[in-house]
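Colleague: Input file: my_file.tsv. Contents: TSV, C-alpha atoms.
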chain	number	residue	atom	x	y	z
B	17	MET	CA	14.77	18.28	-20.03
B	18	ILE	CA	17.61	15.78	-19.98
B	19	ARG	CA	21.20	17.00	-20.13
B	20	PRO	CA	23.49	13.99	-20.17
B	21	SER	CA	27.03	14.33	-18.90
B	22	SER	CA	29.95	12.01	-18.35
B	23	ILE	CA	32.76	11.83	-15.82
B	24	ALA	CA	36.43	11.87	-16.76
B	25	SER	CA	38.13	9.55	-14.27
B	26	SER	CA	41.21	11.77	-14.12
B	27	LYS	CA	39.11	14.78	-13.10
B	28	ILE	CA	36.67	13.43	-10.50
B	29	ARG	CA	38.15	10.19	-9.18
B	30	TRP	CA	35.94	10.03	-6.05
B	31	SER	CA	32.83	10.05	-8.23
B	32	VAL	CA	34.13	7.30	-10.49
B	33	GLU	CA	35.05	5.23	-7.43
B	34	ARG	CA	31.53	5.70	-6.04
B	35	GLN	CA	30.03	4.56	-9.37
B	36	GLU	CA	32.28	1.49	-9.42
B	37	GLN	CA	31.23	0.60	-5.85
B	38	PHE	CA	27.57	1.01	-6.78
B	39	HIS	CA	28.03	-1.28	-9.80
B	40	GLU	CA	29.79	-3.93	-7.69
B	41	ARG	CA	27.07	-3.86	-5.00
B	42	THR	CA	24.00	-3.72	-7.25
B	43	GLY	CA	25.01	-4.98	-10.69
B	44	LEU	CA	23.75	-1.68	-12.15
B	45	PRO	CA	26.51	0.04	-14.17
B	46	LEU	CA	25.34	3.64	-13.83
B	47	LEU	CA	24.18	6.31	-11.45
B	48	LEU	CA	21.73	9.08	-12.18
B	49	ASN	CA	22.44	12.42	-10.57
B	50	THR	CA	19.75	15.00	-11.06
B	51	SER	CA	18.02	17.87	-9.38
B	52	PHE	CA	14.80	16.62	-7.89
B	53	ASN	CA	11.80	18.84	-8.31
B	54	ARG	CA	8.69	19.33	-10.39
B	55	LYS	CA	8.76	21.93	-13.14
B	56	GLY	CA	8.37	25.36	-11.59
B	57	ALA	CA	8.88	24.12	-8.02
B	58	PRO	CA	11.96	24.59	-5.86
B	59	ILE	CA	14.50	21.77	-5.58
B	60	LEU	CA	13.67	19.40	-2.73
B	61	ARG	CA	15.77	19.89	0.38
B	62	THR	CA	14.82	17.12	2.79
B	63	ALA	CA	14.44	13.34	2.74
B	64	GLU	CA	10.79	13.77	3.71
B	65	GLN	CA	10.16	16.03	0.69
B	66	ALA	CA	11.96	13.55	-1.56
B	67	LEU	CA	9.91	10.61	-0.28
B	68	ALA	CA	6.63	12.48	-0.74
B	69	ALA	CA	7.61	13.55	-4.27
B	70	ALA	CA	8.76	10.03	-5.21
B	71	ALA	CA	5.40	8.62	-4.15
B	72	GLU	CA	3.49	11.38	-5.95
B	73	LEU	CA	5.53	10.96	-9.14
B	74	GLY	CA	5.33	7.15	-9.09
B	75	LEU	CA	9.11	6.68	-9.10
B	76	ASP	CA	10.48	3.15	-9.03
B	77	ALA	CA	13.29	3.93	-6.61
B	78	LEU	CA	14.72	6.67	-4.44
B	79	ALA	CA	18.22	6.83	-2.96
B	80	VAL	CA	18.66	9.00	0.13
B	81	GLY	CA	22.12	8.92	1.64
B	82	ASP	CA	23.08	5.26	1.92
B	83	THR	CA	19.46	4.04	1.80
B	84	LEU	CA	17.79	2.74	-1.37
B	85	LEU	CA	13.99	2.70	-1.27
B	86	LEU	CA	12.21	0.61	-3.91
B	87	ALA	CA	8.57	0.73	-4.97
B	88	ASP	CA	6.63	-2.44	-4.17
B	89	ASN	CA	6.61	-3.47	-7.85
B	90	VAL	CA	10.42	-3.26	-8.26
B	91	PRO	CA	12.60	-6.29	-7.50
B	92	ASP	CA	15.60	-5.71	-5.26
B	93	PRO	CA	18.60	-5.25	-7.62
B	94	ARG	CA	20.93	-6.82	-5.07
B	95	ALA	CA	18.97	-10.07	-5.27
B	96	THR	CA	19.08	-9.97	-9.07
B	97	ALA	CA	22.83	-9.28	-9.08
B	98	LEU	CA	23.46	-12.24	-6.78
B	99	ARG	CA	21.43	-14.62	-8.95
B	100	THR	CA	23.30	-13.67	-12.14
B	101	ARG	CA	26.80	-14.21	-10.75
Show me the file's structure as structure tokens.
Modeller:
Amino acid sequence: MIRPSSIASSKIRWSVERQEQFHERTGLPLLLNTSFNRKGAPILRTAEQALAAAAELGLDALAVGDTLLLADNVPDPRATALRTR
């Protein structure tokens, strides 16, 4: 189930600043924040669990802390952003 939400810049400034930094660095204008688990399973708690689930689910990318992991078939968005500027 998808439950979209938005951020009011006056309410959560740190989050808006983080989104702006992400956009500047990658050229991607949005962030997705979601719980990460399969239906009926507990939310993942470790980077190792997240990596295993991402591989099992066939995700294109996984961000853990300040590291962005991309599937082999996904071009690096930083390279794309640099070429379009």
Colleague: What is the distance between atom CA of Ala63 of chain B and atom CA of Gly43 of chain B, in Å to one decimal?
Modeller: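 The value is 25.1 Å.
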Colleague: Would you mind reading off the distance between atom CA of Asp92 of chain B and atom CA of Ile28 of chain B, one decimal, in Å?
Modeller: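 We find that atom CA of Asp92 of chain B and atom CA of Ile28 of chain B lie 28.9 Å from each other.
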Colleague: Could you name the residues that touch Ala66 of chain B at 12 Å or less, counting all atoms listed in the file, but leaving out those on the same chain fewer than 4 positions away, as a ChimeraX atom specification?
Modeller: /B:51-54,58-62,70-75,77-81,85
Colleague: Choose the residue, out of B:Leu67, B:Val32, B:Ala57, B:Leu48, that has the smallest atom-to-atom separation from Leu86 of chain B; count all atoms listed in the file.
Modeller: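 Using all atoms listed in the file, the shortest distance to Leu86 of chain B belongs to B:Leu67.
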Colleague: Point out the residue among B:Lys55, B:Gln65, B:Thr42, B:Arg29 with the least atom-to-atom distance to Leu84 of chain B, counting all atoms listed in the file.
Modeller: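 Using all atoms listed in the file, Leu84 of chain B sits closest to B:Thr42.
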Colleague: What does the distance between atom CA of Ala87 of chain B and atom CA of Gly56 of chain B come to in Å, to one decimal place?
Modeller: 25.5 Å
Colleague: Export C-alpha atoms of segment 45-95 of chain B from the structure just given, as a PDB file, in the first residue's frame?
Modeller:
ATOM      1  CA  PRO B  45      14.238  15.797  -7.254  1.00  0.00           C
ATOM      2  CA  LEU B  46      12.708  13.452  -4.685  1.00  0.00           C
ATOM      3  CA  LEU B  47      13.413  11.035  -1.886  1.00  0.00           C
ATOM      4  CA  LEU B  48      11.394   7.988  -0.971  1.00  0.00           C
ATOM      5  CA  ASN B  49      11.088   7.226   2.717  1.00  0.00           C
ATOM      6  CA  THR B  50       9.375   3.975   3.506  1.00  0.00           C
ATOM      7  CA  SER B  51       9.377   1.109   5.915  1.00  0.00           C
ATOM      8  CA  PHE B  52      11.303  -1.739   4.387  1.00  0.00           C
ATOM      9  CA  ASN B  53       9.836  -5.170   4.804  1.00  0.00           C
ATOM     10  CA  ARG B  54       7.812  -7.805   3.028  1.00  0.00           C
ATOM     11  CA  LYS B  55       4.121  -8.080   3.831  1.00  0.00           C
ATOM     12  CA  GLY B  56       3.723  -9.884   7.132  1.00  0.00           C
ATOM     13  CA  ALA B  57       7.427  -9.681   8.017  1.00  0.00           C
ATOM     14  CA  PRO B  58       9.036  -7.396  10.587  1.00  0.00           C
ATOM     15  CA  ILE B  59      10.694  -4.164   9.450  1.00  0.00           C
ATOM     16  CA  LEU B  60      14.356  -4.690   8.586  1.00  0.00           C
ATOM     17  CA  ARG B  61      16.782  -3.512  11.236  1.00  0.00           C
ATOM     18  CA  THR B  62      20.269  -3.921   9.796  1.00  0.00           C
ATOM     19  CA  ALA B  63      22.135  -3.009   6.624  1.00  0.00           C
ATOM     20  CA  GLU B  64      22.773  -6.701   6.025  1.00  0.00           C
ATOM     21  CA  GLN B  65      19.032  -7.461   6.161  1.00  0.00           C
ATOM     22  CA  ALA B  66      18.335  -4.543   3.822  1.00  0.00           C
ATOM     23  CA  LEU B  67      20.938  -5.700   1.299  1.00  0.00           C
ATOM     24  CA  ALA B  68      19.605  -9.265   1.311  1.00  0.00           C
ATOM     25  CA  ALA B  69      16.021  -8.041   0.884  1.00  0.00           C
ATOM     26  CA  ALA B  70      16.980  -5.635  -1.915  1.00  0.00           C
ATOM     27  CA  ALA B  71      18.628  -8.467  -3.832  1.00  0.00           C
ATOM     28  CA  GLU B  72      15.689 -10.805  -3.214  1.00  0.00           C
ATOM     29  CA  LEU B  73      13.144  -8.177  -4.261  1.00  0.00           C
ATOM     30  CA  GLY B  74      15.114  -7.097  -7.339  1.00  0.00           C
ATOM     31  CA  LEU B  75      15.326  -3.453  -6.269  1.00  0.00           C
ATOM     32  CA  ASP B  76      17.165  -1.018  -8.525  1.00  0.00           C
ATOM     33  CA  ALA B  77      18.841   0.853  -5.687  1.00  0.00           C
ATOM     34  CA  LEU B  78      19.322   0.848  -1.938  1.00  0.00           C
ATOM     35  CA  ALA B  79      20.503   3.741   0.224  1.00  0.00           C
ATOM     36  CA  VAL B  80      22.062   2.838   3.567  1.00  0.00           C
ATOM     37  CA  GLY B  81      23.391   5.770   5.542  1.00  0.00           C
ATOM     38  CA  ASP B  82      25.481   7.817   3.129  1.00  0.00           C
ATOM     39  CA  THR B  83      26.014   4.910   0.711  1.00  0.00           C
ATOM     40  CA  LEU B  84      23.949   4.405  -2.451  1.00  0.00           C
ATOM     41  CA  LEU B  85      24.066   0.887  -3.890  1.00  0.00           C
ATOM     42  CA  LEU B  86      22.862   0.443  -7.474  1.00  0.00           C
ATOM     43  CA  ALA B  87      21.904  -2.753  -9.274  1.00  0.00           C
ATOM     44  CA  ASP B  88      24.204  -3.646 -12.170  1.00  0.00           C
ATOM     45  CA  ASN B  89      21.551  -2.618 -14.716  1.00  0.00           C
ATOM     46  CA  VAL B  90      21.074   0.903 -13.280  1.00  0.00           C
ATOM     47  CA  PRO B  91      23.257   3.789 -14.501  1.00  0.00           C
ATOM     48  CA  ASP B  92      24.877   5.934 -11.835  1.00  0.00           C
ATOM     49  CA  PRO B  93      22.594   9.002 -11.425  1.00  0.00           C
ATOM     50  CA  ARG B  94      25.585  11.191 -10.588  1.00  0.00           C
ATOM     51  CA  ALA B  95      27.066  10.502 -14.013  1.00  0.00           C
TER      52      ALA B  95
END
